[in-house]
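Chemist: Mind having a look at this structure? Questions to follow.
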Amino acid sequence: MDTDLISNLPDDVLGKILSLVPTKLAAATSVLSKRWRNLLPLVDSLDFDESMLFYPDNKDGEDEASSDESGLRRRHRFSHFVDKTLALLSNAPLIKRFSLKCFYENDEARINSWIRTALERGCLELNLEAANYLCIDSQYFTSNTLVKLTISDGFYPEGHLPFGGVFFPVLKTLTLVKVSFASDDMLEFFIPGCPALEELFLCVWMQYLSSPNVKRVTITSDFDDNDFQLPSIRIKTPSLMYLDYSSYVAGDYYVVLDSLVEARLDLRLYESIIYDDDGSLWNEEVFGNVTNLIEGIRTIKSLHLSPNSLEVFYFCCDSDFMPVLEDLVNLAIESDKEKGWEVMPSLLNKSPNLQTLVIKGLVHRVTDCCGDACACIRMKDREIVSCLSRCRVKVLEILGYGGSFRELKQMRHFLGKLRCLETVKVGVKEDNKKSNYLVANVMALPRVSSKCKIQFI
């Protein structure tokens with residue numbers, strides 16, 4: 001005789017199992033028996049995804065997605081399912097995680113009641129996503145238990161601020177993806193209304209950020225209007241230790257980043273730099289100024305710059321006024337064949353205590369402003385002492401090495417100029433079929449440092 005091993009498990013164990021499966025399936029178990037119906041209140045993780053529901057009344061050949069009538073049926077089935085499930089869970093002691101993804105449902109009052117129910121049940125993690133614009137009533141959008149919040153796409157908070165202006169006093173992690181704030185007040189006060197924030201992920205357009213305790217911030221701020229230029233960016237995060245920032249360059253920066261240790265920057269110009277065939281510059285004026293931003297990150301120990309950022313640092317910061325990065329010990333850059341290395345001499349000269357230099361790709365655009373950090377300038381122009389000779393770098397790591405003539409020439413330049421070099425790590429491209437030949441060429445290069453050891457990784 002077959003034994004029902006699952007049903008013999010303790011109620012609390014079955015409740016945890018049901019919390020791990022889609023809510024639709026967990027709710028369906030309530031029809032199995034009276035015992036299973038009583039288990040549903042033990043489910044503490046709810047995932048309501050409108051796109052995951054089944055639609056058994058589809059007629060042959062009917063395209064529900066394009067039918068107004070079928071759209072109403074979808075919304076009715078989804079809202080009925082959510083209402084019924086929350087009613088069955090009315091005696092549940094706690095909702096730890098609540099996820100709501102709406103694609104057709106647009107009854108804001110009903111949706112806000114679902115969100116309030118989750119928050120009133122002591123929700124710890126809340127995920128909201130919508131295909132259409134749906135207003136969250138901010139007056140009731142508050143909780144003393146929520147620690148993780150994600151709002152994506154159509155959802156946006158609007159209305160009166162909660163009492164005291166505090167939305168979530170213990171919230172630790174906040175993610176905002178393509179959220180449109182309808183008013184300046186809500187944009188200005190929503191993040192400060194989460195005073196315990198430690199992690200912040202933003203994929204929204206914003207010019208001002210203030211959070212006293214946040215430790216990690218990731219910002220992706222893109223916009224499609226090429227005629228608009230950011231006049232300024234204000235970031236006041238005195239406890240911030242890690243910043244990952246991707247956006248178009250602003251006219252100026254006002255930042256408080258006193259605790260910053262590591263930064264990854266992907267700053268882009270509004271217009272591409274145009275060069276003649278001989279590498280001379282066409283553009284007469286470039287918008288943006290990052291001098292204050294560099295001054296604001298002067299405490300960092302580790303800096304990663306994209307090819308676009310190298311371009312921005314050169315064109316949007318006067319090399320004579322570039323701040324000194326006294327504490328910088330790790331610098332990583334990415335190269336692009338369309339972007340130059342013009343800023344590298346200034347960057348290396350302004351990093352007097354640099355220990356590790358990581359370069360992903362050695363091939364870059366050759367211009368008439370290339371400095372002495374690269375090997376593309378003519379020999380007769382190298383009469384001055386190279387910035388590499390003054391550099392204290394002990395570890396050089398090259399990633400994506402292909403072994404071309406230009407790359408080998410650049411390797412010769414590094415090995416012949418970096419006097420303090422102790423370790424060189426070379427990562428060879430996976431598809432390179434001449435790896436033995438490539439290794440032999442690099443190993444044969446002269447080294448100015450007697451301590452220099454080369455490793456292939």
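Residues in the structure tokens are numbered from 1 in each chain, the chains being A, B, ... in the order shown, and ligands are numbered from 1 in the order shown.
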Can you list, as a PyMOL selection string, every protein, DNA or RNA residue that comes within 6 Å of segment 172-189 of chain A when you count only C-alpha atoms, leaving out same-chain residues fewer than 2 positions away?
Modeler: chain A and resi 147-153+156+191-193+196-204
Chemist: Given the selection you just returned, output its residues as a file containing N, CA, C and O atoms, formatted as a PDB file, in the first residue's frame.
Modeler:
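The resulting result23.pdb:
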ATOM      1  N   VAL A 147      12.175  45.420   5.466  1.00  0.00           N
ATOM      2  CA  VAL A 147      13.633  45.585   5.379  1.00  0.00           C
ATOM      3  C   VAL A 147      14.136  45.581   3.938  1.00  0.00           C
ATOM      4  O   VAL A 147      15.273  45.985   3.677  1.00  0.00           O
ATOM      5  N   LYS A 148      13.296  45.131   2.989  1.00  0.00           N
ATOM      6  CA  LYS A 148      13.727  45.091   1.588  1.00  0.00           C
ATOM      7  C   LYS A 148      12.548  45.456   0.691  1.00  0.00           C
ATOM      8  O   LYS A 148      11.491  44.849   0.779  1.00  0.00           O
ATOM      9  N   LEU A 149      12.752  46.440  -0.177  1.00  0.00           N
ATOM     10  CA  LEU A 149      11.685  46.928  -1.049  1.00  0.00           C
ATOM     11  C   LEU A 149      12.198  47.089  -2.469  1.00  0.00           C
ATOM     12  O   LEU A 149      13.254  47.687  -2.692  1.00  0.00           O
ATOM     13  N   THR A 150      11.420  46.560  -3.435  1.00  0.00           N
ATOM     14  CA  THR A 150      11.718  46.734  -4.860  1.00  0.00           C
ATOM     15  C   THR A 150      10.477  47.269  -5.556  1.00  0.00           C
ATOM     16  O   THR A 150       9.402  46.671  -5.463  1.00  0.00           O
ATOM     17  N   ILE A 151      10.613  48.396  -6.262  1.00  0.00           N
ATOM     18  CA  ILE A 151       9.524  48.963  -7.060  1.00  0.00           C
ATOM     19  C   ILE A 151      10.014  49.089  -8.494  1.00  0.00           C
ATOM     20  O   ILE A 151      11.067  49.680  -8.740  1.00  0.00           O
ATOM     21  N   SER A 152       9.241  48.520  -9.432  1.00  0.00           N
ATOM     22  CA  SER A 152       9.685  48.491 -10.828  1.00  0.00           C
ATOM     23  C   SER A 152       8.598  49.007 -11.759  1.00  0.00           C
ATOM     24  O   SER A 152       7.397  48.790 -11.532  1.00  0.00           O
ATOM     25  N   ASP A 153       9.044  49.668 -12.802  1.00  0.00           N
ATOM     26  CA  ASP A 153       8.209  50.056 -13.933  1.00  0.00           C
ATOM     27  C   ASP A 153       7.026  50.923 -13.530  1.00  0.00           C
ATOM     28  O   ASP A 153       7.224  52.015 -13.042  1.00  0.00           O
ATOM     29  N   TYR A 156       4.304  53.729  -8.798  1.00  0.00           N
ATOM     30  CA  TYR A 156       4.962  54.941  -8.307  1.00  0.00           C
ATOM     31  C   TYR A 156       4.210  55.462  -7.082  1.00  0.00           C
ATOM     32  O   TYR A 156       2.983  55.426  -7.028  1.00  0.00           O
ATOM     33  N   ILE A 191      13.483  58.732  -0.509  1.00  0.00           N
ATOM     34  CA  ILE A 191      14.696  58.039  -0.038  1.00  0.00           C
ATOM     35  C   ILE A 191      15.100  58.518   1.354  1.00  0.00           C
ATOM     36  O   ILE A 191      15.390  57.690   2.230  1.00  0.00           O
ATOM     37  N   PRO A 192      15.115  59.832   1.657  1.00  0.00           N
ATOM     38  CA  PRO A 192      15.392  60.247   3.040  1.00  0.00           C
ATOM     39  C   PRO A 192      14.366  59.711   4.036  1.00  0.00           C
ATOM     40  O   PRO A 192      14.655  59.626   5.231  1.00  0.00           O
ATOM     41  N   GLY A 193      13.167  59.334   3.539  1.00  0.00           N
ATOM     42  CA  GLY A 193      12.149  58.754   4.402  1.00  0.00           C
ATOM     43  C   GLY A 193      12.429  57.315   4.774  1.00  0.00           C
ATOM     44  O   GLY A 193      11.581  56.658   5.403  1.00  0.00           O
ATOM     45  N   ALA A 196      17.277  54.168   7.615  1.00  0.00           N
ATOM     46  CA  ALA A 196      18.190  53.074   7.968  1.00  0.00           C
ATOM     47  C   ALA A 196      18.788  52.389   6.736  1.00  0.00           C
ATOM     48  O   ALA A 196      19.437  51.351   6.855  1.00  0.00           O
ATOM     49  N   LEU A 197      18.602  52.973   5.562  1.00  0.00           N
ATOM     50  CA  LEU A 197      19.075  52.358   4.321  1.00  0.00           C
ATOM     51  C   LEU A 197      20.573  52.052   4.356  1.00  0.00           C
ATOM     52  O   LEU A 197      21.378  52.889   4.772  1.00  0.00           O
ATOM     53  N   GLU A 198      20.922  50.850   3.889  1.00  0.00           N
ATOM     54  CA  GLU A 198      22.323  50.467   3.755  1.00  0.00           C
ATOM     55  C   GLU A 198      22.690  50.163   2.306  1.00  0.00           C
ATOM     56  O   GLU A 198      23.840  50.359   1.904  1.00  0.00           O
ATOM     57  N   GLU A 199      21.714  49.672   1.515  1.00  0.00           N
ATOM     58  CA  GLU A 199      21.951  49.365   0.101  1.00  0.00           C
ATOM     59  C   GLU A 199      20.881  50.037  -0.750  1.00  0.00           C
ATOM     60  O   GLU A 199      19.695  49.958  -0.430  1.00  0.00           O
ATOM     61  N   LEU A 200      21.324  50.675  -1.824  1.00  0.00           N
ATOM     62  CA  LEU A 200      20.401  51.397  -2.692  1.00  0.00           C
ATOM     63  C   LEU A 200      20.747  51.107  -4.147  1.00  0.00           C
ATOM     64  O   LEU A 200      21.888  51.292  -4.573  1.00  0.00           O
ATOM     65  N   PHE A 201      19.738  50.623  -4.900  1.00  0.00           N
ATOM     66  CA  PHE A 201      19.905  50.340  -6.323  1.00  0.00           C
ATOM     67  C   PHE A 201      18.910  51.211  -7.087  1.00  0.00           C
ATOM     68  O   PHE A 201      17.694  51.065  -6.914  1.00  0.00           O
ATOM     69  N   LEU A 202      19.423  52.098  -7.924  1.00  0.00           N
ATOM     70  CA  LEU A 202      18.574  53.042  -8.636  1.00  0.00           C
ATOM     71  C   LEU A 202      18.770  52.917 -10.136  1.00  0.00           C
ATOM     72  O   LEU A 202      19.889  53.052 -10.631  1.00  0.00           O
ATOM     73  N   CYS A 203      17.686  52.651 -10.829  1.00  0.00           N
ATOM     74  CA  CYS A 203      17.688  52.717 -12.292  1.00  0.00           C
ATOM     75  C   CYS A 203      16.612  53.717 -12.677  1.00  0.00           C
ATOM     76  O   CYS A 203      15.589  53.386 -13.260  1.00  0.00           O
ATOM     77  N   VAL A 204      16.851  54.952 -12.278  1.00  0.00           N
ATOM     78  CA  VAL A 204      15.902  56.036 -12.497  1.00  0.00           C
ATOM     79  C   VAL A 204      16.681  57.309 -12.802  1.00  0.00           C
ATOM     80  O   VAL A 204      17.868  57.416 -12.511  1.00  0.00           O
TER      81      VAL A 204
END
Chemist: Per DSSP on the backbone, filter segment 286-380 of chain A down to the residues in alpha helix (DSSP H) and report them as a list of chain:residue names.
Modeler: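 Alpha helix (DSSP H) assignments inside segment 286-380 of chain A correspond to A:Thr291, A:Asn292, A:Leu293, A:Ile294, A:Glu295, A:Gly296, A:Pro307, A:Asn308, A:Ser309, A:Leu310, A:Glu311, A:Val312, A:Phe313, A:Tyr314, A:Phe315, A:Met344, A:Pro345, A:Ser346, A:Leu347, A:Leu348, A:Asn349.
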Chemist: Residues within 9 Å of Glu407 of chain A, please, as a PyMOL selection string. Count only C-alpha atoms; anything in the same chain fewer than 5 positions from it doesn't count.
Modeler: chain A and resi 361-363+401-402+412
